[in-house]
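Source file: work.cif (mmCIF, C-alpha atoms and all ligand atoms)
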data_my_file
loop_
_atom_site.label_atom_id
_atom_site.label_comp_id
_atom_site.auth_asym_id
_atom_site.auth_seq_id
_atom_site.Cartn_x
_atom_site.Cartn_y
_atom_site.Cartn_z
CA MET A 1 295.72 18.21 163.12
CA MET A 2 299.30 17.03 162.59
CA PRO A 3 299.86 13.36 161.60
CA GLU A 4 300.95 11.45 164.74
CA ILE A 5 304.07 10.13 163.07
CA PHE A 6 305.78 13.49 163.70
CA HIS A 7 305.13 13.61 167.41
CA ALA A 8 304.22 11.28 170.24
CA PRO A 9 300.49 10.95 170.97
CA ARG A 10 299.06 13.26 173.58
CA PRO A 11 298.45 11.33 176.82
CA PRO A 12 295.19 11.60 178.79
CA SER A 13 297.02 13.74 181.40
CA ARG A 14 297.25 16.58 178.82
CA ARG A 15 293.48 16.82 178.62
CA ARG A 16 292.21 19.31 181.11
CA GLY A 17 291.01 17.70 184.30
CA ALA A 18 292.10 14.15 183.41
CA GLN A 19 294.74 12.18 185.34
CA GLY A 20 297.42 10.22 183.46
CA ASP A 21 299.36 7.17 184.61
CA PRO A 22 303.09 7.92 184.87
CA PRO A 23 305.56 5.38 183.46
CA MET A 24 306.04 2.68 186.12
CA GLU A 25 309.75 1.89 186.02
CA GLN A 26 311.32 5.29 186.82
CA HIS A 27 312.51 6.41 190.25
CA LYS A 28 310.33 9.36 191.20
CA HIS A 29 312.18 12.56 192.04
CA THR A 30 311.11 15.74 193.70
CA ALA A 31 312.08 18.15 190.92
CA ALA A 32 312.40 21.91 191.15
CA ILE A 33 312.63 24.08 188.05
CA LEU A 34 313.89 27.61 188.60
CA GLY A 35 312.56 29.82 185.81
CA GLY A 36 309.07 29.64 184.37
CA GLY A 37 309.82 30.92 180.85
CA SER A 38 309.63 28.78 177.73
CA PHE A 39 312.34 26.29 178.58
CA GLY A 40 311.62 25.89 182.30
CA THR A 41 308.00 25.21 181.42
CA ALA A 42 309.01 22.64 178.79
CA MET A 43 311.23 20.83 181.31
CA ALA A 44 308.47 20.88 183.92
CA SER A 45 306.11 19.42 181.37
CA ILE A 46 308.36 16.39 180.68
CA LEU A 47 309.13 15.82 184.36
CA ALA A 48 305.47 15.95 185.37
CA GLU A 49 304.47 13.63 182.52
CA ASN A 50 307.14 11.22 183.70
CA GLY A 51 305.47 11.16 187.11
CA HIS A 52 308.00 13.19 189.12
CA ARG A 53 306.77 15.61 191.76
CA THR A 54 307.30 18.80 189.75
CA ARG A 55 307.37 22.37 190.96
CA LEU A 56 308.07 25.35 188.77
CA TRP A 57 309.30 28.65 190.20
CA VAL A 58 307.75 31.63 188.45
CA ARG A 59 308.08 35.26 189.40
CA ASP A 60 304.51 36.44 189.32
CA PRO A 61 301.37 35.02 190.92
CA GLU A 62 299.29 35.51 187.74
CA THR A 63 301.50 33.13 185.79
CA ALA A 64 301.42 30.64 188.67
CA ALA A 65 297.62 30.80 188.74
CA ALA A 66 297.35 30.41 184.95
CA ILE A 67 299.59 27.32 185.04
CA ASN A 68 297.85 25.74 188.04
CA GLU A 69 294.28 26.54 187.06
CA ASP A 70 294.22 26.83 183.26
CA ARG A 71 297.16 24.48 182.60
CA GLU A 72 298.80 27.05 180.35
CA ASN A 73 301.75 29.46 180.48
CA PRO A 74 300.07 32.25 178.50
CA ARG A 75 303.06 34.53 178.14
CA TYR A 76 305.71 32.06 177.05
CA LEU A 77 303.85 29.09 175.56
CA PRO A 78 300.39 30.32 174.67
CA GLY A 79 297.93 27.71 173.45
CA GLN A 80 299.94 24.75 174.81
CA SER A 81 298.24 22.70 177.51
CA LEU A 82 300.47 21.57 180.34
CA PRO A 83 300.20 18.33 182.35
CA GLU A 84 298.24 18.35 185.60
CA GLY A 85 301.37 17.45 187.54
CA VAL A 86 303.12 20.80 187.02
CA HIS A 87 302.69 22.91 190.13
CA ALA A 88 303.79 26.53 189.72
CA THR A 89 304.49 28.88 192.59
CA GLU A 90 306.28 32.14 193.25
CA SER A 91 307.61 30.73 196.54
CA LEU A 92 311.22 29.58 196.29
CA ASP A 93 310.84 27.79 199.65
CA GLU A 94 307.97 25.71 198.34
CA VAL A 95 309.73 24.90 195.06
CA LEU A 96 312.95 23.78 196.71
CA GLU A 97 311.52 21.92 199.71
CA ASP A 98 312.84 18.33 199.57
CA ALA A 99 313.99 18.80 195.96
CA ASP A 100 316.64 16.25 194.95
CA LEU A 101 316.82 17.32 191.30
CA VAL A 102 317.02 21.03 190.41
CA PHE A 103 316.93 22.51 186.89
CA VAL A 104 318.02 26.13 186.45
CA ALA A 105 316.37 27.76 183.42
CA VAL A 106 316.66 31.49 183.92
CA PRO A 107 318.53 33.77 181.48
CA SER A 108 322.29 34.03 182.06
CA SER A 109 321.86 37.65 183.14
CA ALA A 110 319.79 36.48 186.16
CA PHE A 111 321.75 33.30 186.91
CA VAL A 112 323.98 34.51 189.76
CA GLU A 113 321.19 36.47 191.42
CA VAL A 114 318.90 33.42 191.41
CA LEU A 115 321.65 31.09 192.67
CA ARG A 116 322.40 33.43 195.57
CA GLN A 117 318.75 33.78 196.47
CA ALA A 118 318.18 30.05 196.40
CA ARG A 119 321.44 28.82 197.95
CA PRO A 120 320.29 28.43 201.58
CA LYS A 121 317.35 26.27 200.44
CA VAL A 122 319.38 23.77 198.38
CA ALA A 123 320.51 20.66 200.27
CA GLU A 124 324.03 19.19 200.20
CA GLY A 125 324.53 16.74 197.31
CA THR A 126 321.49 17.89 195.31
CA LEU A 127 321.74 17.16 191.59
CA VAL A 128 321.63 20.45 189.69
CA VAL A 129 321.29 20.84 185.93
CA SER A 130 321.82 24.13 184.11
CA CYS A 131 319.66 24.63 181.02
CA THR A 132 320.89 28.17 180.42
CA LYS A 133 322.78 28.83 177.17
CA GLY A 134 324.78 31.94 177.88
CA ILE A 135 328.05 33.36 179.16
CA HIS A 136 328.51 35.46 182.28
CA GLU A 137 329.88 38.93 181.73
CA ASP A 138 332.30 38.75 184.60
CA GLY A 139 335.33 36.58 183.79
CA PHE A 140 333.75 34.87 180.75
CA LEU A 141 332.30 32.16 182.99
CA LEU A 142 329.86 29.50 181.83
CA MET A 143 326.86 28.57 183.97
CA SER A 144 328.42 25.34 185.26
CA GLN A 145 331.38 27.40 186.46
CA LEU A 146 329.03 29.78 188.23
CA LEU A 147 327.27 26.80 189.80
CA LYS A 148 330.60 25.46 191.00
CA ARG A 149 331.42 28.84 192.51
CA GLU A 150 328.02 29.59 194.07
CA TRP A 151 326.67 26.10 194.89
CA ASP A 152 329.84 24.16 195.68
CA HIS A 153 327.81 21.75 197.84
CA THR A 154 325.88 20.34 194.85
CA ARG A 155 326.54 17.93 191.94
CA ILE A 156 326.50 19.73 188.60
CA GLY A 157 325.47 18.96 185.03
CA VAL A 158 324.43 20.84 181.90
CA LEU A 159 321.57 20.06 179.53
CA SER A 160 321.95 21.29 175.97
CA GLY A 161 320.87 20.32 172.47
CA PRO A 162 318.44 21.22 169.67
CA ASN A 163 315.58 21.78 172.08
CA LEU A 164 313.13 24.43 170.91
CA ALA A 165 310.77 24.67 173.86
CA ARG A 166 307.53 24.83 171.90
CA GLU A 167 308.34 21.66 169.98
CA ILE A 168 309.04 19.84 173.25
CA VAL A 169 305.64 20.68 174.71
CA GLU A 170 304.14 19.65 171.37
CA ARG A 171 305.82 16.27 172.01
CA LYS A 172 307.86 16.40 168.81
CA PHE A 173 310.67 13.79 168.79
CA THR A 174 313.67 15.46 170.37
CA GLY A 175 317.23 14.55 171.37
CA THR A 176 319.35 16.29 173.97
CA VAL A 177 322.62 15.92 175.88
CA ILE A 178 323.28 15.77 179.60
CA ALA A 179 326.90 16.70 180.17
CA SER A 180 328.92 16.15 183.30
CA PRO A 181 332.04 14.33 184.38
CA ASP A 182 329.72 12.89 187.08
CA GLN A 183 328.54 9.75 185.27
CA ALA A 184 326.00 8.86 187.95
CA LEU A 185 324.39 12.28 187.58
CA CYS A 186 324.16 11.77 183.80
CA GLN A 187 322.44 8.42 184.27
CA THR A 188 319.98 9.82 186.78
CA VAL A 189 319.04 12.71 184.51
CA GLN A 190 318.74 10.38 181.51
CA LYS A 191 316.27 8.23 183.42
CA ALA A 192 314.35 11.16 184.84
CA LEU A 193 313.77 12.90 181.49
CA SER A 194 313.60 10.09 178.94
CA CYS A 195 310.21 9.38 177.48
CA GLU A 196 308.67 8.39 174.17
CA TYR A 197 309.46 11.74 172.54
CA PHE A 198 312.57 12.86 174.47
CA ARG A 199 315.88 10.99 174.20
CA VAL A 200 318.84 11.96 176.37
CA TYR A 201 322.48 11.28 175.41
CA ASP A 202 325.41 11.82 177.76
CA ASN A 203 328.79 13.48 177.31
CA PRO A 204 331.56 14.02 179.90
CA ASP A 205 332.73 17.20 178.10
CA ILE A 206 330.62 19.62 180.12
CA TYR A 207 332.55 22.65 178.90
CA GLY A 208 332.23 21.76 175.20
CA VAL A 209 328.52 20.97 175.46
CA GLU A 210 327.85 24.18 177.30
CA LEU A 211 329.92 26.29 174.92
CA GLY A 212 328.11 24.78 171.92
CA GLY A 213 324.76 25.86 173.36
CA ALA A 214 325.98 29.39 174.04
CA LEU A 215 327.95 29.94 170.82
CA LYS A 216 325.29 28.77 168.38
CA ASN A 217 323.09 31.68 169.49
CA ILE A 218 325.52 34.03 167.73
CA TYR A 219 324.97 32.25 164.43
CA ALA A 220 321.21 32.06 164.92
CA VAL A 221 321.23 35.88 165.01
CA ALA A 222 323.41 35.85 161.86
CA SER A 223 321.12 33.37 160.16
CA GLY A 224 317.98 35.40 160.90
CA MET A 225 319.71 38.50 159.61
CA ALA A 226 320.82 36.71 156.44
CA ALA A 227 317.28 35.42 155.85
CA ALA A 228 315.93 38.95 156.16
CA ILE A 229 318.27 40.22 153.48
CA GLY A 230 317.38 37.27 151.23
CA ILE A 231 320.53 35.16 150.94
CA GLY A 232 320.24 31.92 148.97
CA GLU A 233 320.64 28.30 150.07
CA ASN A 234 324.28 28.07 148.91
CA SER A 235 325.10 31.07 151.04
CA ARG A 236 323.16 29.77 154.03
CA SER A 237 324.94 26.39 154.00
CA PHE A 238 328.25 28.14 153.50
CA MET A 239 327.60 30.40 156.45
CA LEU A 240 326.42 27.63 158.81
CA THR A 241 329.34 25.37 157.96
CA ARG A 242 331.84 28.15 158.57
CA ALA A 243 329.94 28.99 161.76
CA LEU A 244 330.56 25.44 162.97
CA ALA A 245 334.25 25.77 162.07
CA GLU A 246 334.68 29.03 163.93
CA MET A 247 332.74 28.02 167.03
CA SER A 248 334.71 24.77 167.28
CA ARG A 249 337.99 26.65 166.77
CA PHE A 250 337.13 29.02 169.57
CA ALA A 251 335.92 26.28 171.95
CA VAL A 252 338.97 24.11 171.36
CA GLU A 253 341.16 27.09 172.19
CA LEU A 254 339.32 27.23 175.53
CA GLY A 255 339.83 23.51 176.18
CA ALA A 256 336.73 21.79 174.74
CA ASN A 257 336.86 18.54 172.72
CA PRO A 258 336.28 19.29 169.01
CA LEU A 259 334.30 16.08 168.59
CA THR A 260 331.64 17.45 170.94
CA PHE A 261 330.78 19.96 168.20
CA LEU A 262 329.75 17.13 165.88
CA GLY A 263 327.09 16.04 168.37
CA LEU A 264 323.61 17.25 169.27
CA SER A 265 324.81 20.14 171.40
CA GLY A 266 327.04 21.42 168.58
CA VAL A 267 325.94 20.89 165.00
CA GLY A 268 322.51 19.68 166.16
CA ASP A 269 321.63 22.86 168.01
CA LEU A 270 323.25 25.00 165.32
CA ILE A 271 320.93 23.53 162.68
CA ALA A 272 317.78 23.82 164.81
CA THR A 273 318.36 27.35 166.01
CA CYS A 274 319.68 28.73 162.74
CA SER A 275 316.80 27.39 160.69
CA SER A 276 313.77 28.07 162.83
CA SER A 277 311.74 31.17 163.44
CA LEU A 278 310.84 29.54 166.77
CA SER A 279 314.32 30.58 167.86
CA ARG A 280 314.28 33.98 169.57
CA ASN A 281 317.88 34.60 168.47
CA TYR A 282 316.93 33.94 164.86
CA ARG A 283 313.94 36.26 165.21
CA MET A 284 316.17 38.93 166.73
CA GLY A 285 318.54 38.68 163.76
CA HIS A 286 315.61 38.78 161.35
CA ALA A 287 314.27 41.95 162.98
CA LEU A 288 317.69 43.62 162.84
CA GLY A 289 318.12 42.54 159.21
CA SER A 290 314.70 44.02 158.43
CA GLY A 291 315.81 47.44 159.63
CA ARG A 292 314.72 47.54 163.28
CA ASP A 293 317.16 49.00 165.75
CA LEU A 294 318.25 46.98 168.77
CA ASP A 295 315.75 48.50 171.20
CA GLN A 296 312.80 48.03 168.84
CA ALA A 297 313.82 44.44 168.12
CA LEU A 298 314.18 43.63 171.84
CA GLU A 299 310.82 45.15 172.66
CA GLU A 300 309.05 43.24 169.89
CA LEU A 301 310.63 39.97 171.01
CA GLY A 302 309.78 40.33 174.71
CA GLN A 303 311.77 37.17 175.57
CA THR A 304 315.35 36.15 176.14
CA ALA A 305 317.83 36.31 173.22
CA GLU A 306 321.13 35.27 174.79
CA GLY A 307 323.02 35.73 171.50
CA LEU A 308 323.19 39.50 171.75
CA ASN A 309 325.32 39.48 174.84
CA THR A 310 327.26 36.42 173.71
CA ILE A 311 328.26 38.16 170.47
CA ARG A 312 329.82 40.99 172.44
CA LEU A 313 331.65 38.74 174.90
CA VAL A 314 332.89 36.27 172.29
CA ALA A 315 334.06 38.87 169.76
CA THR A 316 336.08 40.56 172.50
CA ARG A 317 337.48 37.28 173.80
CA ALA A 318 338.35 36.05 170.29
CA GLU A 319 340.33 39.20 169.69
CA GLN A 320 342.20 38.76 172.98
CA LEU A 321 342.98 35.12 172.17
CA ASN A 322 343.72 35.85 168.53
CA VAL A 323 341.16 33.30 167.32
CA TYR A 324 339.89 33.96 163.80
CA MET A 325 336.09 34.36 163.95
CA PRO A 326 334.96 36.41 160.96
CA LEU A 327 331.22 35.87 161.49
CA ALA A 328 331.18 36.72 165.20
CA THR A 329 333.41 39.73 164.53
CA ALA A 330 331.15 40.98 161.73
CA LEU A 331 328.04 40.64 163.88
CA TYR A 332 329.70 42.58 166.66
CA GLU A 333 330.54 45.34 164.21
CA ILE A 334 327.01 45.42 162.75
CA ILE A 335 325.16 45.38 166.07
CA TYR A 336 327.46 47.39 168.29
CA GLN A 337 329.42 49.56 165.89
CA ASP A 338 326.72 50.44 163.36
CA LYS A 339 328.51 48.85 160.43
CA PRO A 340 326.32 47.92 157.43
CA LEU A 341 324.73 44.46 157.10
CA ASP A 342 326.97 43.43 154.20
CA THR A 343 329.93 43.48 156.62
CA MET A 344 329.00 39.85 157.35
CA ILE A 345 329.35 38.79 153.70
CA ALA A 346 332.47 40.90 153.25
CA ARG A 347 334.16 39.30 156.27
CA LEU A 348 333.19 35.80 155.17
CA MET A 349 334.38 36.31 151.59
CA SER A 350 337.74 37.83 152.46
CA GLY A 351 340.43 37.50 155.13
CA GLU A 352 342.51 34.44 155.88
CA HIS A 353 342.19 31.45 153.57
CA LYS A 354 341.44 28.39 155.68
CA HIS A 355 341.31 24.65 154.99
CA ASP A 356 337.80 23.26 154.53
CA VAL A 357 338.31 20.97 157.53
CA GLU A 358 341.09 21.20 160.06
CA PHE A 359 341.16 18.92 163.02
CA SER A 360 343.71 18.67 165.74
CA PHE A 361 343.24 17.60 169.32
CA HIS A 362 346.42 19.30 170.42
CA GLY A 363 346.92 22.25 168.13
CA GLY A 364 343.70 24.05 168.95
CA THR A 365 342.22 24.11 165.45
CA ALA A 366 339.03 22.65 164.09
N1 LIG B 1 313.34 28.50 174.92
C1 LIG B 1 314.09 27.56 174.39
O1 LIG B 1 313.72 26.95 173.36
C2 LIG B 1 315.37 27.18 175.07
C3 LIG B 1 315.99 28.03 175.96
N2 LIG B 1 317.15 27.66 176.56
C4 LIG B 1 317.85 28.54 177.48
O2 LIG B 1 317.13 28.65 178.69
C5 LIG B 1 317.39 29.92 179.29
C6 LIG B 1 316.06 30.54 179.65
O3 LIG B 1 315.41 30.77 178.43
P1 LIG B 1 313.86 30.77 178.22
O4 LIG B 1 313.13 29.95 179.19
O5 LIG B 1 313.65 30.43 176.81
O6 LIG B 1 313.63 32.33 178.47
P2 LIG B 1 312.29 33.12 178.53
O7 LIG B 1 312.56 34.49 178.10
O8 LIG B 1 311.22 32.32 177.84
O9 LIG B 1 311.97 33.12 180.09
C7 LIG B 1 312.87 33.57 181.06
C8 LIG B 1 312.28 33.27 182.43
O10 LIG B 1 313.23 33.63 183.43
C9 LIG B 1 312.56 34.44 184.37
N3 LIG B 1 313.51 35.38 184.94
C10 LIG B 1 314.19 36.36 184.31
N4 LIG B 1 314.93 37.05 185.19
C11 LIG B 1 314.71 36.49 186.40
C12 LIG B 1 315.18 36.76 187.71
N5 LIG B 1 316.03 37.75 187.94
N6 LIG B 1 314.74 36.00 188.71
C13 LIG B 1 313.87 35.00 188.47
N7 LIG B 1 313.39 34.68 187.26
C14 LIG B 1 313.81 35.42 186.24
C15 LIG B 1 311.46 35.15 183.60
O11 LIG B 1 310.45 35.60 184.47
C16 LIG B 1 310.99 34.03 182.69
O12 LIG B 1 310.09 33.22 183.38
C17 LIG B 1 318.19 30.74 178.26
O13 LIG B 1 319.54 30.73 178.61
C18 LIG B 1 317.98 29.97 176.96
O14 LIG B 1 319.08 30.10 176.09
C19 LIG B 1 317.66 26.44 176.36
C20 LIG B 1 317.07 25.55 175.50
C21 LIG B 1 315.92 25.88 174.73
O1 LIG B 2 318.47 26.98 172.37
C1 LIG B 2 317.43 26.88 171.79
C2 LIG B 2 317.03 25.67 171.04
O2 LIG B 2 317.94 24.64 171.23
C3 LIG B 2 316.49 28.01 171.78
O3 LIG B 2 317.01 29.03 171.07
P1 LIG B 2 316.51 30.51 171.29
O4 LIG B 2 316.97 30.93 172.66
O5 LIG B 2 317.12 31.27 170.18
O6 LIG B 2 315.01 30.49 171.20
#

Starting from the file, give its structure as structure tokens.
Ligand SMILES: NC(=O)C1=CN([C@@H]2O[C@H](COP(=O)(O)OP(=O)(O)OC[C@H]3O[C@@H](n4cnc5c(N)ncnc54)[C@H](O)[C@@H]3O)[C@@H](O)[C@H]2O)C=CC1
Ligand SMILES: O=C(CO)COP(=O)(O)O
Amino acid sequence: MMPEIFHAPRPPSRRRGAQGDPPMEQHKHTAAILGGGSFGTAMASILAENGHRTRLWVRDPETAAAINEDRENPRYLPGQSLPEGVHATESLDEVLEDADLVFVAVPSSAFVEVLRQARPKVAEGTLVVSCTKGIHEDGFLLMSQLLKREWDHTRIGVLSGPNLAREIVERKFTGTVIASPDQALCQTVQKALSCEYFRVYDNPDIYGVELGGALKNIYAVASGMAAAIGIGENSRSFMLTRALAEMSRFAVELGANPLTFLGLSGVGDLIATCSSSLSRNYRMGHALGSGRDLDQALEELGQTAEGLNTIRLVATRAEQLNVYMPLATALYEIIYQDKPLDTMIARLMSGEHKHDVEFSFHGGTA
């Protein structure tokens, strides 16, 4: 049993069959979570513990039954007991009925399809939060941009940060960011999600926060790969620091604020995802670095690893924009062009000499 100092105590509501008292002061929402994988389940867990009416949309009836009856999501979070208040269903109508707060937590590859399916059931002015950390193939669009296009009748925010799903359901102390230019939305989401183990910061730079979450997946793959080939701590710190430099450089070129990358959704998420085998992107990189091919690695993982697609899209975009991204470029070459693993080291150790730190709000460098 872990010492309680590292996580908040488990409330009575987590014990099977027992009812917990929700915190008294919060406004109670009717929350819908679209996507019953690891992260959707983690969000549902917090919302239900905070006393909100919480419905989780899952695709198959077996998962819904396991969540409702056994209080467990056996495929994505095995062994973790979920609060009584999480109600799972495969009916989109039921999940979205009267919902005033909607979280979208499906992989980026399914995002548009799910938005189109759900659109007629989402009321005007609903607060919608994307939890998805990916980039859409078509037009290099981020999820908030897809939401704006597909659900123009809603108010939009993005949640991103060092938020490994398993640690959230284990109630380990966690910080995150709600990003939106809509300050009232940020405040509402802060109140809805905050609890003794989950602290929510706000940031108006929705684009920067969202890009941080998507881009760090590239470096989590790189970090897993590097661990598999046995790089040392000097090399790992070197790689992560240069990763932060290149992701900020790229994001600033696209219009994000470089300071956002010093926050939880930038450096925070980079550290968490690049150092933990709980990260699916890290595990994917580790499998590739251990000699698996892409298909074998994907099959073994059995869950979403957004980084693979992001590497392809970002390497192509960086080339078009002439942004120097040696790590992303090397990963693209290794994964999609069959170049050897040491391409990553070779790219990092050669090429343009850069300043250690470059910051400019106007010149597009960081
Ligand atoms: N797991 C984590 O620790 C975190 C994940 N995220 C992000 O959340 C997003 C979702 O990731 P996870 O929940 O981890 O993925 P996952 O692989 O654990 O689960 C994906 C879920 O989406 C559902 N899904 C897939 N395609 C669908 C479709 N066409 N229609 C309806 N449902 C569909 C699956 O059935 C599954 O329930 C990703 O973009 C990820 O980067 C963000 C923060 C933390
Ligand atoms: O984004 C995450 C943690 O913040 C989860 O990362 P993975 O998708 O690599 O598991």

| Within 9 Å of segment 242-249 of chain A using only C-alpha atoms, minus same-chain residues under 6 positions, as number ranges by chain | A: 208, 211-212, 215-216, 218-219, 256-262, 266-267, 270, 323-328, 348, 356-358, 364-366

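Here atom CA of Ile46 of chain A stands at a distance of 6.5 Å from atom CA of Leu193 of chain A.
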
| Surrounding residues as a ChimeraX atom specification, ligand LIG 2 (chain B), max 7 Å, all atoms listed in the file | /A:133,161-165,213,217,220,269,272-273,278-282,304-306

| said: Counting all atoms listed in the file, what are the residues, protein, DNA or RNA alike, that approach ligand LIG 1 (chain B) to within 7 Å? I want them as a PyMOL selection string. | reply: chain A and resi 35-40+58-59+76+105-108+110+113-114+131-134+160+163-166+279+303-306

| task | Determine the nearest neighbour of Glu333 of chain A from the options A:Ile311, A:Gln320, A:Val129, A:Ser223, counting all atoms listed in the file. | result | A:Ile311

| said: Set the distance at 10 Å and use only C-alpha atoms: which residues neighbour segment 283-290 of chain A once local chain neighbours fewer than 2 positions away are removed? I'd like the list as number ranges by chain. | reply: A: 218-230, 273-274, 276-281, 292-298, 300-301, 304-305, 307-308, 331, 334-335, 340-341

Can I get the residues of segment 49-144 of chain A within 10 Å of segment 169-180 of chain A, each with the closest pair of atoms and their distance in Å to one decimal, using only C-alpha atoms, sorted chain first then ascending number, as a tab-separated table?
residue	atom	partner	partner_atom	distance
A:Leu77	CA	A:Val169	CA	8.6
A:Gln80	CA	A:Val169	CA	7.0
A:Ser81	CA	A:Val169	CA	8.2
A:Leu82	CA	A:Val169	CA	7.7
A:Pro83	CA	A:Val169	CA	9.7
A:Val129	CA	A:Ile178	CA	8.4
A:Ser130	CA	A:Ile178	CA	9.6
A:Cys131	CA	A:Ile178	CA	9.7
A:Ser144	CA	A:Ser180	CA	9.4

| request: Do a neighbour search on Asn322 of chain A at 12 Å with all atoms listed in the file, toss out local chain neighbours closer than 3 positions, and write the hits as number ranges by chain. | output: A: 249-250, 253-254, 314-319, 325-326, 329, 364

Produce a file of the selected residues containing C-alpha atoms, as a PDB file, keeping the file's coordinate frame.
ATOM      1  CA  ARG A 249     337.990  26.650 166.770  1.00  0.00           C
ATOM      2  CA  PHE A 250     337.130  29.020 169.570  1.00  0.00           C
ATOM      3  CA  GLU A 253     341.160  27.090 172.190  1.00  0.00           C
ATOM      4  CA  LEU A 254     339.320  27.230 175.530  1.00  0.00           C
ATOM      5  CA  VAL A 314     332.890  36.270 172.290  1.00  0.00           C
ATOM      6  CA  ALA A 315     334.060  38.870 169.760  1.00  0.00           C
ATOM      7  CA  THR A 316     336.080  40.560 172.500  1.00  0.00           C
ATOM      8  CA  ARG A 317     337.480  37.280 173.800  1.00  0.00           C
ATOM      9  CA  ALA A 318     338.350  36.050 170.290  1.00  0.00           C
ATOM     10  CA  GLU A 319     340.330  39.200 169.690  1.00  0.00           C
ATOM     11  CA  MET A 325     336.090  34.360 163.950  1.00  0.00           C
ATOM     12  CA  PRO A 326     334.960  36.410 160.960  1.00  0.00           C
ATOM     13  CA  THR A 329     333.410  39.730 164.530  1.00  0.00           C
ATOM     14  CA  GLY A 364     343.700  24.050 168.950  1.00  0.00           C
TER      15      GLY A 364
END

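Across the structure, atom CA of Asn234 of chain A and atom CA of Met349 of chain A are spaced 13.3 Å apart.
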
Please supply segment 183-197 of chain A, rebuilt with N, CA and C atoms, as an mmCIF file, in the coordinates of the input.
data_model
loop_
_atom_site.group_PDB
_atom_site.id
_atom_site.type_symbol
_atom_site.label_atom_id
_atom_site.label_comp_id
_atom_site.auth_asym_id
_atom_site.auth_seq_id
_atom_site.Cartn_x
_atom_site.Cartn_y
_atom_site.Cartn_z
ATOM 1 N N GLN A 183 329.287 10.721 186.079
ATOM 2 C CA GLN A 183 328.540 9.750 185.270
ATOM 3 C C GLN A 183 327.216 9.349 185.936
ATOM 4 N N ALA A 184 327.232 9.266 187.252
ATOM 5 C CA ALA A 184 326.000 8.860 187.950
ATOM 6 C C ALA A 184 324.926 9.929 187.782
ATOM 7 N N LEU A 185 325.345 11.192 187.808
ATOM 8 C CA LEU A 185 324.390 12.280 187.580
ATOM 9 C C LEU A 185 323.782 12.148 186.176
ATOM 10 N N CYS A 186 324.654 11.896 185.183
ATOM 11 C CA CYS A 186 324.160 11.770 183.800
ATOM 12 C C CYS A 186 323.100 10.671 183.721
ATOM 13 N N GLN A 187 323.391 9.534 184.361
ATOM 14 C CA GLN A 187 322.440 8.420 184.270
ATOM 15 C C GLN A 187 321.114 8.767 184.943
ATOM 16 N N THR A 188 321.210 9.453 186.071
ATOM 17 C CA THR A 188 319.980 9.820 186.780
ATOM 18 C C THR A 188 319.129 10.760 185.937
ATOM 19 N N VAL A 189 319.789 11.737 185.311
ATOM 20 C CA VAL A 189 319.040 12.710 184.510
ATOM 21 C C VAL A 189 318.470 12.035 183.258
ATOM 22 N N GLN A 190 319.252 11.122 182.671
ATOM 23 C CA GLN A 190 318.740 10.380 181.510
ATOM 24 C C GLN A 190 317.442 9.663 181.873
ATOM 25 N N LYS A 191 317.465 8.988 183.022
ATOM 26 C CA LYS A 191 316.270 8.230 183.420
ATOM 27 C C LYS A 191 315.115 9.162 183.750
ATOM 28 N N ALA A 192 315.431 10.266 184.393
ATOM 29 C CA ALA A 192 314.350 11.160 184.840
ATOM 30 C C ALA A 192 313.624 11.813 183.659
ATOM 31 N N LEU A 193 314.375 12.114 182.584
ATOM 32 C CA LEU A 193 313.770 12.900 181.490
ATOM 33 C C LEU A 193 313.326 12.058 180.296
ATOM 34 N N SER A 194 313.895 10.857 180.159
ATOM 35 C CA SER A 194 313.600 10.090 178.940
ATOM 36 C C SER A 194 312.142 9.702 178.866
ATOM 37 N N CYS A 195 311.590 9.817 177.688
ATOM 38 C CA CYS A 195 310.210 9.380 177.480
ATOM 39 C C CYS A 195 310.034 9.112 175.986
ATOM 40 N N GLU A 196 308.837 8.844 175.558
ATOM 41 C CA GLU A 196 308.670 8.390 174.170
ATOM 42 C C GLU A 196 309.049 9.448 173.141
ATOM 43 N N TYR A 197 309.077 10.714 173.529
ATOM 44 C CA TYR A 197 309.460 11.740 172.540
ATOM 45 C C TYR A 197 310.741 12.483 172.912
#
